[in-house]
Number of protein chains: 2
Amino acid sequence: MKSADILITGGTVLTLNRDNVKLHEGAVAVTGDTIVAVGDKKELLGMYTAKETIDNPHSIIMPGLINGHTHAAMTCFRGIADDMELMDWLTRYIFPAESRNVNPELAYWGSLLACAEMIKSGTTTFSDMYLFEEETARAAKQAGMRCIIGEGLFDFPSPACKTPAECLIRAENLIRTWADDPLIRTMVEPHSLYSCSPALLQSARELADRYRVPFATHLLENMNEAVQLEKKFGMRATKFLEQAGILDERFIAFHGVVMDDEDIAIFADYGCKVVHNPESNMKLASGVAPISAMLKKGITVGLGTDGCASNNNLDMFQEMDTAAKLEKSARLDPRVMSAETVIRMATANGAKVFGMGDLVGTIEVGKKADISILDMNKPHLTPMYDEYSHLAYAVSGADVETVLINGKVVMKNRRLTTIDENEVMEQVRRIARKIGASLSMPHE
Amino acid sequence: MKSADILITGGTVLTLNRDNVKLHEGAVAVTGDTIVAVGDKKELLGMYTAKETIDNPHSIIMPGLINGHTHAAMTCFRGIADDMELMDWLTRYIFPAESRNVNPELAYWGSLLACAEMIKSGTTTFSDMYLFEEETARAAKQAGMRCIIGEGLFDFPSPACKTPAECLIRAENLIRTWADDPLIRTMVEPHSLYSCSPALLQSARELADRYRVPFATHLLENMNEAVQLEKKFGMRATKFLEQAGILDERFIAFHGVVMDDEDIAIFADYGCKVVHNPESNMKLASGVAPISAMLKKGITVGLGTDGCASNNNLDMFQEMDTAAKLEKSARLDPRVMSAETVIRMATANGAKVFGMGDLVGTIEVGKKADISILDMNKPHLTPMYDEYSHLAYAVSGADVETVLINGKVVMKNRRLTTIDENEVMEQVRRIARKIGASLSMPHE
């Protein structure tokens, strides 16, 4: 008998590997931070003795989800303003609320609350862009979550830095600080093409190249932005990025709503990646990103919730549901995006977006043990003809029961092991009272 | 001191009454099947002694949700086939599965499972169209749920009846059987204009008029149907219905996706009602119903999940979220549908669609005690600036903690009091194995 730290038995193991292997009455063995065996339950029970066994015969055992784009600390602004024009929303609520309230304390507690919410809905990795990202890293470490973080870079002063040069120093410090961390990875994240000068974009590109980390930015989120950028550059934004030498396989666009066939062709040529944020795009009335056209051209697309001010939760299962349905609705064709496609966007392909395809995103021997276990013994998940269908169209985040990240159990039977849920909620409520007062709004 | 049966204390009471009154630290007193007081918590605690007190200081106390259109028993077909063309889906999967498997037993257990799922996600009333609806009524009575049911009427033979005449007899029997029931109401439901002859529609109209019950049908669900009907009638479907004398304030259209300005004007003139099913319309790629245009013309619009084969769950909170976001996205304007609007569609206005505005849909003295209590003390619902925002955009059905219908506690702390959850899941799994075998499909 070999020994393992944790033996997870089911239930059905969805590997999401290249051959899409499903194992009914399957099992996964974990030692340290790594998956050491995936196979038949009886077989693995006969091969391994484990310090801890996690068993649920009605479960689905699947790769932890990858939230490809969020602003974790913005949980503090969840629901502060809805149902209004983007510019109204930004200039009357979000920007004033941010400039008066964002500080390291908000960044830490807001991010930790986001980690609690994400773990409780089956997410094990998140990609984050905000301010004071060292606090987001600290929260993720506390939570035991995997993340890829980047300080938002701007031309104008932010609560975190006065000048673009200062922004770049913060960004580089982040990269160096977390260079060898098992959980925290970094990227370079100029906020957008409308909030960063070409010079800042070039400096950001050089920084990303120097450390070989991803370069990610908000791009072509709505038609106003597309028109504004075309005016600014005298050409389409994607063409500008190409000519400036900024596009490569480590370039990641968040949103990409207003991409046309030429933009898509350029992205495909350079191996650029896209993260789709359907719920945020719908809520802000930004339009519908041409995701099925991107997939046809071979572009790797991940899925993200965006921040809590424009969603308003971080539930990736709901996001998968919406991603599949929105594309069908927008193209008037139910075949353009399947359940399996959106699940891959949130797992295996999400990992590839960030160059982490060898690390996470599937359940395979040698990968890190980032695993979500769902309890399917519930009325709304009965009967079950097909696991993918349920994950995309019937599950919600609350069906996630147990979560492992990097081999560690961070939630067991819906109880978080790394975060004091009540404390973090109390801290964020306290911060929210200040935010509410700063805007003279009603608050809890 | 007066006596009440149940005193519910919060938390915030959202009355959804005409003035939209919110009561922070509110309370509701219930005696028998009726709400007898709504007010301040301290005040009501001083006025009433109650046999049972339900207290949660972090709760939202709101009217139970009204699922305006579903096919409850189709839980048995949840996820049996997805991501395919409507006609493929219907003719290769749904129709064969139904013709081989639908019988009273499936109708009963499928409906009871639907009741379990609906109660667990805060729904207290549902409107149902299917076959063997007497079994759906029996399941709803068992569950203690309020419903409005109608036997689906067709020109062609169904598993429930061989001829249209037989269908009409079943429909009339239903109406007479449940005439004085406190929970079960009935309506007349010809399936659609493409599956019912003008003569059957006329007989259905006469039946509905004789008993003064609603007349409800699937209408203009997608463009193919609209084209087919225009060819059949030599005029637009709505015009045909007007000329046939079928439209009045008890006429309810499910879907109404392909309604143009003239259709909307006719509906507004006659006081016809609409039930919107955004998730089903998206999943089947049917298009986007012009709901904000209908609301502008004063049409009363409810909200429904449709059946589990095209959604694939019965969660009305997710449906509200999608309804608001889809309309914003389709009109490229975030102001066209607010959080409050979709909550009213699922409560007060949903009740009005079925002529039950005096009975349920708000928390007001004299109304029936149909109440959902949500636990808001959770990471994904923290902080809270505005209750409506959270209900529309952050809550999922799993946040519902306790539910009363007609004064009876049908779920307490997520435990159903009227349904043996495990038994109903086992029964539906057994039925699903037969369904799977009948289609030679993999099954659980």
# chains A, B, ... in the order shown; residues from 1 in each chain; ligands from 1
>>> residues_around(residues="Asp248 (chain B)", least_positions_apart="4", cutoff="9 Å", atoms="only C-alpha atoms", output="number ranges by chain")
B: 242, 252, 267, 269-273
>>> write_last_selection(atoms="C-alpha atoms", output="CSV table (one decimal), in the first residue's frame")
chain,number,residue,atom,x,y,z
B,242,GLU,CA,-58.3,39.9,-31.6
B,252,ILE,CA,-52.1,35.4,-20.7
B,267,PHE,CA,-52.3,43.6,-25.8
B,269,ASP,CA,-55.8,47.8,-25.4
B,270,TYR,CA,-57.3,44.5,-24.2
B,271,GLY,CA,-55.5,44.4,-20.9
B,272,CYS,CA,-53.8,41.1,-21.8
B,273,LYS,CA,-51.0,39.8,-19.6
>>> interface_residues(of="chain A", to="chain B", cutoff="6 Å", atoms="only C-alpha atoms", output="number ranges by chain")
A: 79-80, 83-85, 117, 282-285, 287, 312-313, 325, 328-329, 332-335, 338, 379-380, 383-385, 389, 393-394, 429, 443-444
>>> select_by_dssp(residues="region 155-371 of chain B", states="helix (DSSP H, G or I)", output="count of residues only")
100
>>> closest_residue(among="A:Leu439, A:Gly307, A:Ala226, A:Ile419", to="Gln142 (chain A)", atoms="only C-alpha atoms")
A:Ile419
>>> select_by_dssp(residues="region 84-286 of chain B", states="strand (DSSP E)", output="ChimeraX atom specification")
/B:123-130,146-153,184-186,189-190,215-219,251-255,273-276
>>> residues_around(residues="Val274 (chain B)", least_positions_apart="2", cutoff="7 Å", atoms="only C-alpha atoms", output="PyMOL selection string")
chain B and resi 252-254+256+272+276+300-302
